[in-house]
$ cat upload39.txt   # compact mmCIF, C-alpha atoms
# COMPACT_ATOMS: atom_id res chain seq x y z
CA MET A 1 5.56 17.93 -0.31
CA ASP A 2 6.76 20.05 2.53
CA PHE A 3 7.17 18.00 5.71
CA SER A 4 7.30 19.51 9.16
CA SER A 5 9.52 16.70 10.47
CA LYS A 6 12.55 15.02 8.94
CA TYR A 7 11.58 11.70 10.56
CA LEU A 8 8.20 11.88 8.85
CA GLU A 9 9.83 12.79 5.56
CA GLN A 10 12.29 9.90 5.85
CA ALA A 11 9.54 7.39 6.63
CA VAL A 12 7.35 8.60 3.75
CA GLN A 13 10.36 8.42 1.45
CA GLU A 14 11.10 4.81 2.47
CA VAL A 15 7.49 3.63 2.28
CA SER A 16 6.94 5.27 -1.11
CA GLN A 17 9.70 3.11 -2.58
CA LEU A 18 7.45 0.08 -2.27
CA PRO A 19 5.78 -0.88 -5.56
CA GLY A 20 2.41 0.72 -6.20
CA ILE A 21 2.70 3.13 -3.27
CA GLY A 22 3.03 6.81 -4.04
CA LYS A 23 3.91 9.68 -1.72
CA ARG A 24 0.33 10.39 -0.71
CA THR A 25 -0.46 6.77 0.18
CA ALA A 26 2.86 6.53 2.01
CA LEU A 27 1.97 9.60 4.07
CA ARG A 28 -1.45 8.13 4.86
CA LEU A 29 0.13 4.86 6.02
CA VAL A 30 2.79 6.57 8.15
CA LEU A 31 0.24 8.88 9.79
CA HIS A 32 -1.92 5.83 10.48
CA LEU A 33 0.98 4.15 12.28
CA LEU A 34 1.54 7.34 14.25
CA LYS A 35 -1.98 7.02 15.68
CA GLN A 36 -1.53 3.38 16.64
CA PRO A 37 0.18 2.03 19.78
CA GLU A 38 3.97 1.93 19.56
CA ASP A 39 4.18 -1.86 19.76
CA GLN A 40 2.28 -2.20 16.48
CA THR A 41 4.95 -0.24 14.64
CA VAL A 42 7.73 -2.10 16.43
CA SER A 43 6.29 -5.49 15.54
CA LEU A 44 5.72 -4.43 11.93
CA ALA A 45 9.33 -3.28 11.68
CA LYS A 46 10.59 -6.47 13.31
CA ALA A 47 8.50 -8.68 11.01
CA LEU A 48 9.91 -6.93 7.93
CA VAL A 49 13.51 -7.31 9.07
CA ASP A 50 12.87 -10.94 10.09
CA VAL A 51 11.56 -11.78 6.64
CA LYS A 52 14.74 -10.44 5.12
CA THR A 53 17.20 -11.96 7.61
CA GLN A 54 15.55 -15.21 8.76
CA ILE A 55 13.95 -16.64 5.63
CA ASN A 56 15.70 -19.39 3.69
CA PHE A 57 15.09 -20.64 0.22
CA CYS A 58 14.50 -24.38 -0.14
CA THR A 59 17.70 -25.91 -1.57
CA ASN A 60 15.63 -28.25 -3.74
CA CYS A 61 12.89 -26.08 -5.24
CA HIS A 62 13.85 -22.48 -4.27
CA ASN A 63 10.53 -21.96 -2.52
CA ILE A 64 10.57 -19.78 0.59
CA SER A 65 11.09 -21.82 3.71
CA ASP A 66 12.09 -21.58 7.37
CA HIS A 67 14.26 -24.71 6.99
CA LYS A 68 16.76 -26.13 4.53
CA LEU A 69 14.00 -27.98 2.69
CA CYS A 70 10.53 -26.49 2.31
CA GLU A 71 7.50 -28.31 3.70
CA ILE A 72 6.52 -29.59 0.27
CA CYS A 73 9.92 -31.04 -0.60
CA ALA A 74 10.29 -32.48 2.91
CA ASN A 75 6.90 -34.21 2.76
CA PRO A 76 7.42 -37.87 1.76
CA LYS A 77 3.78 -38.13 0.60
CA ARG A 78 4.34 -35.64 -2.24
CA GLU A 79 5.05 -37.18 -5.64
CA SER A 80 8.58 -36.00 -6.35
CA GLN A 81 8.59 -37.41 -9.90
CA TYR A 82 6.35 -34.49 -10.96
CA VAL A 83 7.93 -31.04 -11.02
CA CYS A 84 5.77 -28.01 -11.66
CA VAL A 85 7.81 -25.04 -12.90
CA VAL A 86 6.54 -21.66 -11.66
CA GLU A 87 7.81 -18.09 -11.72
CA ASP A 88 7.26 -17.08 -8.16
CA ILE A 89 6.35 -18.39 -4.74
CA ARG A 90 2.94 -16.74 -5.11
CA ASP A 91 2.25 -19.21 -7.91
CA VAL A 92 3.13 -22.08 -5.59
CA MET A 93 0.61 -20.73 -3.10
CA ALA A 94 -2.03 -20.30 -5.81
CA ILE A 95 -1.61 -23.87 -7.09
CA GLU A 96 -1.49 -25.28 -3.56
CA ASN A 97 -4.81 -23.55 -2.84
CA THR A 98 -6.47 -25.57 -5.61
CA SER A 99 -5.59 -28.86 -3.80
CA GLN A 100 -5.33 -30.48 -7.26
CA TYR A 101 -1.59 -31.07 -7.39
CA ARG A 102 0.46 -33.43 -5.22
CA GLY A 103 3.87 -33.15 -6.90
CA HIS A 104 6.90 -30.94 -6.28
CA TYR A 105 7.58 -27.42 -7.54
CA HIS A 106 10.51 -25.55 -8.97
CA VAL A 107 10.51 -21.78 -8.46
CA LEU A 108 12.41 -19.96 -11.22
CA GLY A 109 12.35 -16.57 -9.50
CA GLY A 110 11.13 -14.78 -12.62
CA LYS A 111 10.94 -15.30 -16.36
CA ILE A 112 13.32 -14.61 -19.20
CA SER A 113 12.79 -10.97 -20.16
CA PRO A 114 15.59 -9.29 -22.10
CA MET A 115 13.73 -5.96 -21.83
CA ASP A 116 14.14 -6.08 -18.04
CA GLY A 117 17.67 -7.46 -18.29
CA VAL A 118 16.66 -10.90 -17.03
CA GLY A 119 18.42 -13.73 -18.86
CA PRO A 120 18.44 -17.48 -18.15
CA ASN A 121 21.43 -17.10 -15.83
CA GLN A 122 19.52 -14.90 -13.41
CA LEU A 123 16.89 -17.62 -12.98
CA ASN A 124 17.00 -20.98 -11.21
CA ILE A 125 17.09 -22.90 -14.49
CA SER A 126 20.37 -24.81 -14.20
CA THR A 127 19.28 -26.51 -10.95
CA LEU A 128 16.08 -27.62 -12.69
CA VAL A 129 18.05 -29.10 -15.59
CA ASP A 130 20.42 -30.83 -13.15
CA LYS A 131 17.46 -32.26 -11.28
CA ALA A 132 15.98 -33.53 -14.55
CA LYS A 133 19.27 -35.05 -15.71
CA ALA A 134 19.72 -36.83 -12.37
CA GLY A 135 16.90 -39.06 -13.60
CA LYS A 136 14.41 -38.81 -10.74
CA VAL A 137 11.86 -36.70 -12.63
CA ASP A 138 9.19 -38.18 -14.91
CA GLU A 139 7.31 -35.08 -15.95
CA ILE A 140 7.97 -31.36 -15.93
CA ILE A 141 4.83 -29.24 -15.94
CA PHE A 142 5.20 -25.64 -17.10
CA ALA A 143 2.90 -23.30 -15.17
CA LEU A 144 4.20 -19.90 -16.24
CA SER A 145 2.18 -16.85 -17.25
CA SER A 146 0.65 -17.01 -20.70
CA THR A 147 2.77 -14.12 -21.98
CA LEU A 148 5.60 -13.70 -24.44
CA GLU A 149 8.13 -13.91 -21.59
CA GLY A 150 6.45 -16.97 -20.10
CA ASP A 151 6.40 -18.74 -23.47
CA THR A 152 10.06 -17.83 -24.10
CA THR A 153 11.05 -19.25 -20.73
CA ASN A 154 9.07 -22.44 -21.35
CA PHE A 155 10.75 -22.87 -24.69
CA TYR A 156 14.25 -22.21 -23.34
CA ILE A 157 13.83 -24.84 -20.63
CA PHE A 158 12.26 -27.25 -23.14
CA LYS A 159 15.36 -26.91 -25.32
CA GLN A 160 17.67 -27.47 -22.34
CA LEU A 161 15.84 -30.70 -21.53
CA GLU A 162 16.16 -32.11 -25.07
CA GLY A 163 17.60 -35.60 -25.09
CA THR A 164 16.68 -36.33 -21.47
CA GLY A 165 13.47 -38.05 -22.59
CA ILE A 166 11.53 -36.33 -19.81
CA LYS A 167 7.88 -35.68 -20.54
CA THR A 168 7.03 -31.98 -20.57
CA SER A 169 3.57 -30.51 -20.37
CA THR A 170 2.01 -27.13 -19.89
CA ILE A 171 -1.08 -26.16 -17.95
CA ALA A 172 -4.18 -25.90 -20.14
CA ARG A 173 -4.97 -22.59 -21.83
CA GLY A 174 -8.64 -22.01 -22.46
CA ILE A 175 -11.81 -20.28 -21.42
CA SER A 176 -11.87 -19.49 -17.69
CA VAL A 177 -14.62 -21.11 -15.67
CA GLY A 178 -17.56 -18.72 -15.57
CA ASP A 179 -16.49 -16.78 -18.67
CA GLU A 180 -18.98 -15.90 -21.39
CA LEU A 181 -17.77 -17.04 -24.82
CA GLU A 182 -18.62 -13.78 -26.56
CA TYR A 183 -16.18 -11.87 -24.35
CA ALA A 184 -13.27 -14.31 -24.74
CA ASP A 185 -10.39 -13.10 -26.90
CA GLU A 186 -9.85 -14.76 -30.28
CA ILE A 187 -6.52 -16.41 -29.52
CA THR A 188 -7.76 -18.03 -26.33
CA LEU A 189 -10.94 -19.17 -28.03
CA GLY A 190 -9.05 -20.48 -31.07
CA ARG A 191 -6.62 -22.45 -28.92
CA SER A 192 -9.40 -23.81 -26.74
CA ILE A 193 -10.99 -25.33 -29.89
CA LEU A 194 -7.70 -26.74 -31.16
CA ASN A 195 -6.85 -28.22 -27.75
CA ARG A 196 -10.32 -29.54 -27.02
CA ILE A 197 -10.53 -32.38 -24.49
CA PRO A 198 -12.80 -35.42 -24.33
CA PHE A 199 -16.08 -34.43 -22.70
CA GLU A 200 -15.73 -37.17 -20.07
CA ALA A 201 -12.45 -35.60 -18.91
CA SER A 202 -14.19 -32.27 -18.31
CA LEU A 203 -16.59 -33.93 -15.86
CA LYS A 204 -13.82 -34.98 -13.49
CA SER A 205 -13.09 -31.85 -11.51
CA MET B 1 -3.53 -18.37 2.35
CA ASP B 2 -1.08 -21.12 3.09
CA PHE B 3 2.39 -19.76 3.77
CA SER B 4 5.53 -21.84 3.55
CA SER B 5 7.30 -19.73 6.17
CA LYS B 6 6.07 -18.37 9.48
CA TYR B 7 8.24 -15.26 9.08
CA LEU B 8 6.55 -14.55 5.77
CA GLU B 9 3.14 -15.14 7.30
CA GLN B 10 3.93 -12.83 10.22
CA ALA B 11 5.16 -10.04 7.93
CA VAL B 12 2.11 -10.33 5.66
CA GLN B 13 -0.13 -10.29 8.71
CA GLU B 14 1.51 -7.10 10.04
CA VAL B 15 1.54 -5.28 6.70
CA SER B 16 -2.09 -6.17 5.96
CA GLN B 17 -3.17 -4.31 9.11
CA LEU B 18 -2.32 -1.03 7.41
CA PRO B 19 -5.39 0.78 6.03
CA GLY B 20 -6.29 -0.10 2.44
CA ILE B 21 -3.81 -2.97 2.23
CA GLY B 22 -5.22 -6.47 1.94
CA LYS B 23 -3.45 -9.80 2.23
CA ARG B 24 -2.58 -10.03 -1.45
CA THR B 25 -1.07 -6.56 -1.61
CA ALA B 26 0.78 -7.22 1.65
CA LEU B 27 2.26 -10.40 0.17
CA ARG B 28 3.32 -8.52 -2.95
CA LEU B 29 5.03 -5.83 -0.86
CA VAL B 30 6.81 -8.31 1.39
CA LEU B 31 8.03 -10.38 -1.57
CA HIS B 32 9.25 -7.17 -3.18
CA LEU B 33 11.33 -6.38 -0.09
CA LEU B 34 12.69 -9.91 -0.14
CA LYS B 35 14.15 -9.24 -3.59
CA GLN B 36 15.76 -5.95 -2.54
CA PRO B 37 19.07 -5.50 -0.71
CA GLU B 38 18.85 -6.03 3.04
CA ASP B 39 19.71 -2.43 3.93
CA GLN B 40 16.55 -1.18 2.19
CA THR B 41 14.39 -3.24 4.54
CA VAL B 42 16.48 -2.25 7.54
CA SER B 43 16.21 1.46 6.75
CA LEU B 44 12.46 1.16 6.10
CA ALA B 45 12.00 -0.55 9.46
CA LYS B 46 14.17 2.03 11.22
CA ALA B 47 12.30 4.95 9.61
CA LEU B 48 8.96 3.54 10.78
CA VAL B 49 10.15 3.07 14.36
CA ASP B 50 11.79 6.52 14.34
CA VAL B 51 8.54 8.17 13.30
CA LYS B 52 6.81 6.57 16.23
CA THR B 53 9.51 7.18 18.84
CA GLN B 54 11.20 10.41 17.75
CA ILE B 55 8.40 12.63 16.51
CA ASN B 56 6.98 15.32 18.77
CA PHE B 57 3.79 17.26 18.46
CA CYS B 58 4.10 21.05 18.55
CA THR B 59 2.98 22.22 22.00
CA ASN B 60 1.26 25.24 20.44
CA CYS B 61 -0.60 23.89 17.40
CA HIS B 62 -0.29 20.05 17.70
CA ASN B 63 1.33 19.82 14.29
CA ILE B 64 4.01 17.15 13.87
CA SER B 65 7.45 18.48 14.65
CA ASP B 66 10.98 17.43 15.49
CA HIS B 67 11.17 20.14 18.16
CA LYS B 68 9.01 21.51 20.95
CA LEU B 69 7.54 24.13 18.60
CA CYS B 70 6.91 23.36 14.94
CA GLU B 71 8.62 25.41 12.22
CA ILE B 72 5.48 27.42 11.57
CA CYS B 73 4.87 28.38 15.21
CA ALA B 74 8.58 29.09 15.72
CA ASN B 75 8.75 31.39 12.68
CA PRO B 76 8.42 35.03 13.87
CA LYS B 77 7.35 36.11 10.37
CA ARG B 78 4.11 34.12 10.55
CA GLU B 79 1.04 36.09 11.62
CA SER B 80 0.12 34.45 14.91
CA GLN B 81 -3.11 36.44 15.25
CA TYR B 82 -4.68 34.21 12.57
CA VAL B 83 -5.35 30.60 13.53
CA CYS B 84 -6.52 28.16 10.89
CA VAL B 85 -8.29 25.14 12.43
CA VAL B 86 -7.69 21.87 10.56
CA GLU B 87 -8.39 18.21 11.20
CA ASP B 88 -5.08 16.68 10.37
CA ILE B 89 -1.46 17.50 9.61
CA ARG B 90 -2.11 16.57 5.98
CA ASP B 91 -4.42 19.57 5.80
CA VAL B 92 -1.62 21.80 7.10
CA MET B 93 0.60 20.48 4.31
CA ALA B 94 -2.14 21.01 1.72
CA ILE B 95 -2.75 24.63 2.79
CA GLU B 96 0.99 25.34 3.06
CA ASN B 97 1.38 24.11 -0.52
CA THR B 98 -0.97 26.85 -1.73
CA SER B 99 1.39 29.58 -0.34
CA GLN B 100 -1.73 31.70 0.28
CA TYR B 101 -1.74 31.63 4.08
CA ARG B 102 0.82 33.19 6.44
CA GLY B 103 -0.90 32.61 9.79
CA HIS B 104 -0.70 29.84 12.37
CA TYR B 105 -2.58 26.53 12.46
CA HIS B 106 -4.33 24.45 15.07
CA VAL B 107 -4.54 20.72 14.39
CA LEU B 108 -7.58 19.13 16.04
CA GLY B 109 -6.51 15.55 15.38
CA GLY B 110 -9.90 14.58 13.91
CA LYS B 111 -13.47 15.81 13.93
CA ILE B 112 -16.41 15.23 16.25
CA SER B 113 -18.02 11.98 15.13
CA PRO B 114 -20.26 10.21 17.65
CA MET B 115 -20.58 7.24 15.25
CA ASP B 116 -16.83 6.62 15.58
CA GLY B 117 -16.83 7.39 19.29
CA VAL B 118 -14.99 10.68 18.86
CA GLY B 119 -16.28 13.44 21.11
CA PRO B 120 -14.89 16.95 21.75
CA ASN B 121 -12.69 15.65 24.59
CA GLN B 122 -10.70 13.40 22.23
CA LEU B 123 -9.77 16.40 20.11
CA ASN B 124 -7.41 19.32 20.73
CA ILE B 125 -10.29 21.75 21.24
CA SER B 126 -9.68 22.98 24.79
CA THR B 127 -6.18 24.22 23.92
CA LEU B 128 -7.67 26.18 21.02
CA VAL B 129 -10.28 27.77 23.29
CA ASP B 130 -7.58 28.60 25.87
CA LYS B 131 -5.45 30.17 23.14
CA ALA B 132 -8.44 32.23 22.00
CA LYS B 133 -9.31 33.33 25.52
CA ALA B 134 -5.69 34.39 26.18
CA GLY B 135 -6.50 37.26 23.81
CA LYS B 136 -3.72 36.93 21.25
CA VAL B 137 -5.95 35.68 18.44
CA ASP B 138 -7.91 37.99 16.13
CA GLU B 139 -9.49 35.52 13.75
CA ILE B 140 -10.13 31.79 13.77
CA ILE B 141 -10.52 30.28 10.30
CA PHE B 142 -12.31 26.93 10.07
CA ALA B 143 -10.83 24.74 7.35
CA LEU B 144 -12.50 21.40 8.07
CA SER B 145 -14.01 18.99 5.59
CA SER B 146 -17.38 20.01 4.21
CA THR B 147 -19.19 17.08 5.82
CA LEU B 148 -21.71 16.62 8.61
CA GLU B 149 -18.86 15.87 11.06
CA GLY B 150 -16.85 18.87 9.89
CA ASP B 151 -19.84 21.18 10.23
CA THR B 152 -20.64 19.78 13.70
CA THR B 153 -17.07 20.39 14.83
CA ASN B 154 -17.10 23.93 13.42
CA PHE B 155 -20.33 24.67 15.26
CA TYR B 156 -19.12 23.16 18.54
CA ILE B 157 -15.98 25.31 18.52
CA PHE B 158 -18.00 28.35 17.46
CA LYS B 159 -20.23 27.86 20.51
CA GLN B 160 -17.21 27.47 22.80
CA LEU B 161 -15.82 30.78 21.54
CA GLU B 162 -19.04 32.71 22.20
CA GLY B 163 -18.43 35.84 24.23
CA THR B 164 -14.72 36.04 23.36
CA GLY B 165 -15.50 38.47 20.52
CA ILE B 166 -13.06 36.67 18.23
CA LYS B 167 -13.89 36.81 14.55
CA THR B 168 -14.59 33.37 13.08
CA SER B 169 -14.64 32.52 9.39
CA THR B 170 -14.77 29.42 7.26
CA ILE B 171 -13.02 28.69 3.99
CA ALA B 172 -15.21 29.40 0.95
CA ARG B 173 -17.44 26.61 -0.38
CA GLY B 174 -18.13 26.81 -4.06
CA ILE B 175 -17.39 25.48 -7.52
CA SER B 176 -13.87 24.06 -7.80
CA VAL B 177 -11.57 25.77 -10.27
CA GLY B 178 -11.87 23.94 -13.59
CA ASP B 179 -15.28 22.41 -12.82
CA GLU B 180 -18.08 22.46 -15.37
CA LEU B 181 -21.25 23.96 -13.90
CA GLU B 182 -23.54 21.25 -15.24
CA TYR B 183 -21.71 18.60 -13.21
CA ALA B 184 -21.69 20.55 -9.93
CA ASP B 185 -24.05 19.24 -7.23
CA GLU B 186 -27.09 21.34 -6.36
CA ILE B 187 -26.08 22.21 -2.80
CA THR B 188 -22.65 23.47 -3.81
CA LEU B 189 -24.08 25.42 -6.73
CA GLY B 190 -26.87 26.89 -4.57
CA ARG B 191 -24.41 27.99 -1.89
CA SER B 192 -22.04 29.42 -4.45
CA ILE B 193 -24.82 31.71 -5.68
CA LEU B 194 -25.85 32.75 -2.17
CA ASN B 195 -22.24 33.43 -1.17
CA ARG B 196 -21.25 35.17 -4.37
CA ILE B 197 -18.26 37.50 -4.19
CA PRO B 198 -17.51 40.82 -5.90
CA PHE B 199 -16.04 40.11 -9.32
CA GLU B 200 -12.97 42.24 -8.57
CA ALA B 201 -12.13 39.96 -5.60
CA SER B 202 -12.13 36.92 -7.91
CA LEU B 203 -9.41 38.50 -10.04
CA LYS B 204 -6.91 38.61 -7.18
CA SER B 205 -5.55 35.07 -7.03

$ encode --input "upload39.txt" --output "structure tokens"
Amino acid sequence: MDFSSKYLEQAVQEVSQLPGIGKRTALRLVLHLLKQPEDQTVSLAKALVDVKTQINFCTNCHNISDHKLCEICANPKRESQYVCVVEDIRDVMAIENTSQYRGHYHVLGGKISPMDGVGPNQLNISTLVDKAKAGKVDEIIFALSSTLEGDTTNFYIFKQLEGTGIKTSTIARGISVGDELEYADEITLGRSILNRIPFEASLKS
Amino acid sequence: MDFSSKYLEQAVQEVSQLPGIGKRTALRLVLHLLKQPEDQTVSLAKALVDVKTQINFCTNCHNISDHKLCEICANPKRESQYVCVVEDIRDVMAIENTSQYRGHYHVLGGKISPMDGVGPNQLNISTLVDKAKAGKVDEIIFALSSTLEGDTTNFYIFKQLEGTGIKTSTIARGISVGDELEYADEITLGRSILNRIPFEASLKS
């Protein structure tokens, strides 16, 4: 693209580095900002820099937080003996939105993926193992994606926890609520038969 | 959504005000920035503010420019007797990319659309009419979208130019290059027959 202004070109270049945003979308966004009042752009820019400079990560669970401990870890009503292991803070938000879980979390910051150069040392695994070995955790609940990388990560952590006697569990895999059986894939359907639950339990939620 | 940090919430809120970006995409973008080095966020923020504070609009054609006159208007090799009327600076870029046009432009900044509250006075129409009446323009080429609003705007400007004796033209409407006839809509196909061109002319480009 041939820009008539180097400031425009620079802004489009920067915006198009965001994931899923190409040059055309970037240009559309920048031209949109150009039509808006100046304070909107200034507050957008300030909010982005603030996120990067002001945000802390909870020292206990690695969730994003404005304080040393996140709201969940700091809340004495949460059941700290349960630790739900997730990839990302978005997963924390997704599980919190269900209102079905009252325990703590542990945010790994990704999953083991040798293809992307992510090994166990790049993730917050050692702090989880330390927490488990300190003896205050009863159950670790794996809530990672149901992918090869997610399963690998689960298994790696499971191995690290061997000998601690801590109960480990994983969130149920099965047919999504509202799904038609004929469209479910074979592996999901097969596992959902193997891991069937008592009918009474399915009435609870 | 329930955010664990007010800075995160603020940033997501700001980013989701951009067109076509919802809360989920905004969260994904902000979390992406959080994983990148700080200087990337700082330079993105600076580029956005720079666009808003540093960019000028060309005093002749209203194109975006870093100087008082844009590169096109300042270039003595461009044929200033031709003025191509476009909605938006993106259209200037699109036409420039074809390398088929060596004249000047005039950016209206939108099109007449009473539904969106845009009348002729919100657009850069009077400066175009002044330019035409100053007698240095031979031909005005309408290159607006082929929509009701585009046609209305064309017609409004055409009426304003009455009596000046300036030649007006509009870019050709017809079958796009590479299109199959059977999938073309009836209006386009009908017009392309009415406005057929000598076969020799079609061999030129």

$ residues_around --input "upload39.txt" --residues "His104 in chain B" --least-positions-apart "4" --cutoff "9 Å" --atoms "all atoms listed in the file" --output "list in words"
Cys61, Ile72, Cys73, Arg78, Glu79, Ser80, Gln81, Tyr82, Val83, Cys84 and Val85 of chain B

$ closest_residue --input "upload39.txt" --among "A:Leu161, A:Gly103, A:Gly119, A:Glu182" --to "Lys131 in chain A" --atoms "only C-alpha atoms"
A:Leu161

$ closest_residue --input "upload39.txt" --among "B:Gln10, B:Asn121, B:Thr170, B:Ser113" --to "Glu149 in chain B" --atoms "all atoms listed in the file"
B:Ser113

$ closest_residue --input "upload39.txt" --among "B:Val12, B:Ala45, B:Val118, B:Ala26" --to "chain A" --atoms "only C-alpha atoms"
B:Ala45

$ residues_near_point --input "upload39.txt" --point "(-16.1, 21.8, 9.8)" --cutoff "9 Å" --atoms "only C-alpha atoms" --output "PDB file with C-alpha atoms, in the frame of the given file"
ATOM      1  CA  VAL B  85      -8.290  25.140  12.430  1.00  0.00           C
ATOM      2  CA  VAL B  86      -7.690  21.870  10.560  1.00  0.00           C
ATOM      3  CA  GLU B  87      -8.390  18.210  11.200  1.00  0.00           C
ATOM      4  CA  LYS B 111     -13.470  15.810  13.930  1.00  0.00           C
ATOM      5  CA  PHE B 142     -12.310  26.930  10.070  1.00  0.00           C
ATOM      6  CA  ALA B 143     -10.830  24.740   7.350  1.00  0.00           C
ATOM      7  CA  LEU B 144     -12.500  21.400   8.070  1.00  0.00           C
ATOM      8  CA  SER B 145     -14.010  18.990   5.590  1.00  0.00           C
ATOM      9  CA  SER B 146     -17.380  20.010   4.210  1.00  0.00           C
ATOM     10  CA  THR B 147     -19.190  17.080   5.820  1.00  0.00           C
ATOM     11  CA  LEU B 148     -21.710  16.620   8.610  1.00  0.00           C
ATOM     12  CA  GLU B 149     -18.860  15.870  11.060  1.00  0.00           C
ATOM     13  CA  GLY B 150     -16.850  18.870   9.890  1.00  0.00           C
ATOM     14  CA  ASP B 151     -19.840  21.180  10.230  1.00  0.00           C
ATOM     15  CA  THR B 152     -20.640  19.780  13.700  1.00  0.00           C
ATOM     16  CA  THR B 153     -17.070  20.390  14.830  1.00  0.00           C
ATOM     17  CA  ASN B 154     -17.100  23.930  13.420  1.00  0.00           C
ATOM     18  CA  PHE B 155     -20.330  24.670  15.260  1.00  0.00           C
ATOM     19  CA  THR B 170     -14.770  29.420   7.260  1.00  0.00           C
TER      20      THR B 170
END

$ atom_distance --input "upload39.txt" --atom1 "CA of Lys46 in chain B" --atom2 "CA of Val107 in chain B"
26.6 Å

$ atom_distance --input "upload39.txt" --atom1 "CA of Ile197 in chain B" --atom2 "CA of Arg173 in chain B"
11.6 Å

$ decode --input "upload39.txt" --residues "range 30-78 of chain B" --atoms "C-alpha atoms" --output "PDB file, in the first residue's frame"
ATOM      1  CA  VAL B  30      -4.975  -6.801  24.950  1.00  0.00           C
ATOM      2  CA  LEU B  31      -3.722 -10.129  26.327  1.00  0.00           C
ATOM      3  CA  HIS B  32      -1.540 -10.471  23.237  1.00  0.00           C
ATOM      4  CA  LEU B  33       0.050  -7.089  23.961  1.00  0.00           C
ATOM      5  CA  LEU B  34       0.577  -8.149  27.557  1.00  0.00           C
ATOM      6  CA  LYS B  35       2.761 -11.014  26.345  1.00  0.00           C
ATOM      7  CA  GLN B  36       4.844  -8.790  24.055  1.00  0.00           C
ATOM      8  CA  PRO B  37       7.772  -6.574  25.064  1.00  0.00           C
ATOM      9  CA  GLU B  38       6.755  -3.251  26.573  1.00  0.00           C
ATOM     10  CA  ASP B  39       8.220  -1.153  23.751  1.00  0.00           C
ATOM     11  CA  GLN B  40       5.792  -2.709  21.252  1.00  0.00           C
ATOM     12  CA  THR B  41       2.827  -1.402  23.234  1.00  0.00           C
ATOM     13  CA  VAL B  42       4.495   1.965  23.753  1.00  0.00           C
ATOM     14  CA  SER B  43       5.215   2.400  20.045  1.00  0.00           C
ATOM     15  CA  LEU B  44       1.682   1.294  19.119  1.00  0.00           C
ATOM     16  CA  ALA B  45       0.240   3.849  21.539  1.00  0.00           C
ATOM     17  CA  LYS B  46       2.572   6.567  20.251  1.00  0.00           C
ATOM     18  CA  ALA B  47       1.726   5.810  16.609  1.00  0.00           C
ATOM     19  CA  LEU B  48      -2.003   6.098  17.332  1.00  0.00           C
ATOM     20  CA  VAL B  49      -1.633   9.431  19.119  1.00  0.00           C
ATOM     21  CA  ASP B  50       0.713  10.706  16.387  1.00  0.00           C
ATOM     22  CA  VAL B  51      -1.839   9.925  13.694  1.00  0.00           C
ATOM     23  CA  LYS B  52      -4.388  11.985  15.540  1.00  0.00           C
ATOM     24  CA  THR B  53      -2.152  14.913  16.463  1.00  0.00           C
ATOM     25  CA  GLN B  54       0.390  15.115  13.628  1.00  0.00           C
ATOM     26  CA  ILE B  55      -1.569  14.376  10.479  1.00  0.00           C
ATOM     27  CA  ASN B  56      -2.744  17.234   8.274  1.00  0.00           C
ATOM     28  CA  PHE B  57      -5.308  17.236   5.539  1.00  0.00           C
ATOM     29  CA  CYS B  58      -4.177  18.586   2.176  1.00  0.00           C
ATOM     30  CA  THR B  59      -5.628  22.085   1.782  1.00  0.00           C
ATOM     31  CA  ASN B  60      -6.311  21.424  -1.901  1.00  0.00           C
ATOM     32  CA  CYS B  61      -7.834  17.934  -2.033  1.00  0.00           C
ATOM     33  CA  HIS B  62      -8.445  16.995   1.662  1.00  0.00           C
ATOM     34  CA  ASN B  63      -6.316  13.887   1.331  1.00  0.00           C
ATOM     35  CA  ILE B  64      -4.268  12.906   4.381  1.00  0.00           C
ATOM     36  CA  SER B  65      -0.831  14.437   4.309  1.00  0.00           C
ATOM     37  CA  ASP B  66       2.158  15.258   6.470  1.00  0.00           C
ATOM     38  CA  HIS B  67       2.461  18.667   4.802  1.00  0.00           C
ATOM     39  CA  LYS B  68       0.180  21.507   3.759  1.00  0.00           C
ATOM     40  CA  LEU B  69      -0.206  19.997   0.285  1.00  0.00           C
ATOM     41  CA  CYS B  70      -0.309  16.234  -0.232  1.00  0.00           C
ATOM     42  CA  GLU B  71       2.283  14.531  -2.436  1.00  0.00           C
ATOM     43  CA  ILE B  72      -0.154  14.242  -5.319  1.00  0.00           C
ATOM     44  CA  CYS B  73      -1.194  17.911  -5.323  1.00  0.00           C
ATOM     45  CA  ALA B  74       2.424  19.009  -4.825  1.00  0.00           C
ATOM     46  CA  ASN B  75       3.663  16.916  -7.761  1.00  0.00           C
ATOM     47  CA  PRO B  76       3.945  19.183 -10.862  1.00  0.00           C
ATOM     48  CA  LYS B  77       3.798  16.138 -13.146  1.00  0.00           C
ATOM     49  CA  ARG B  78       0.220  15.314 -12.143  1.00  0.00           C
TER      50      ARG B  78
END
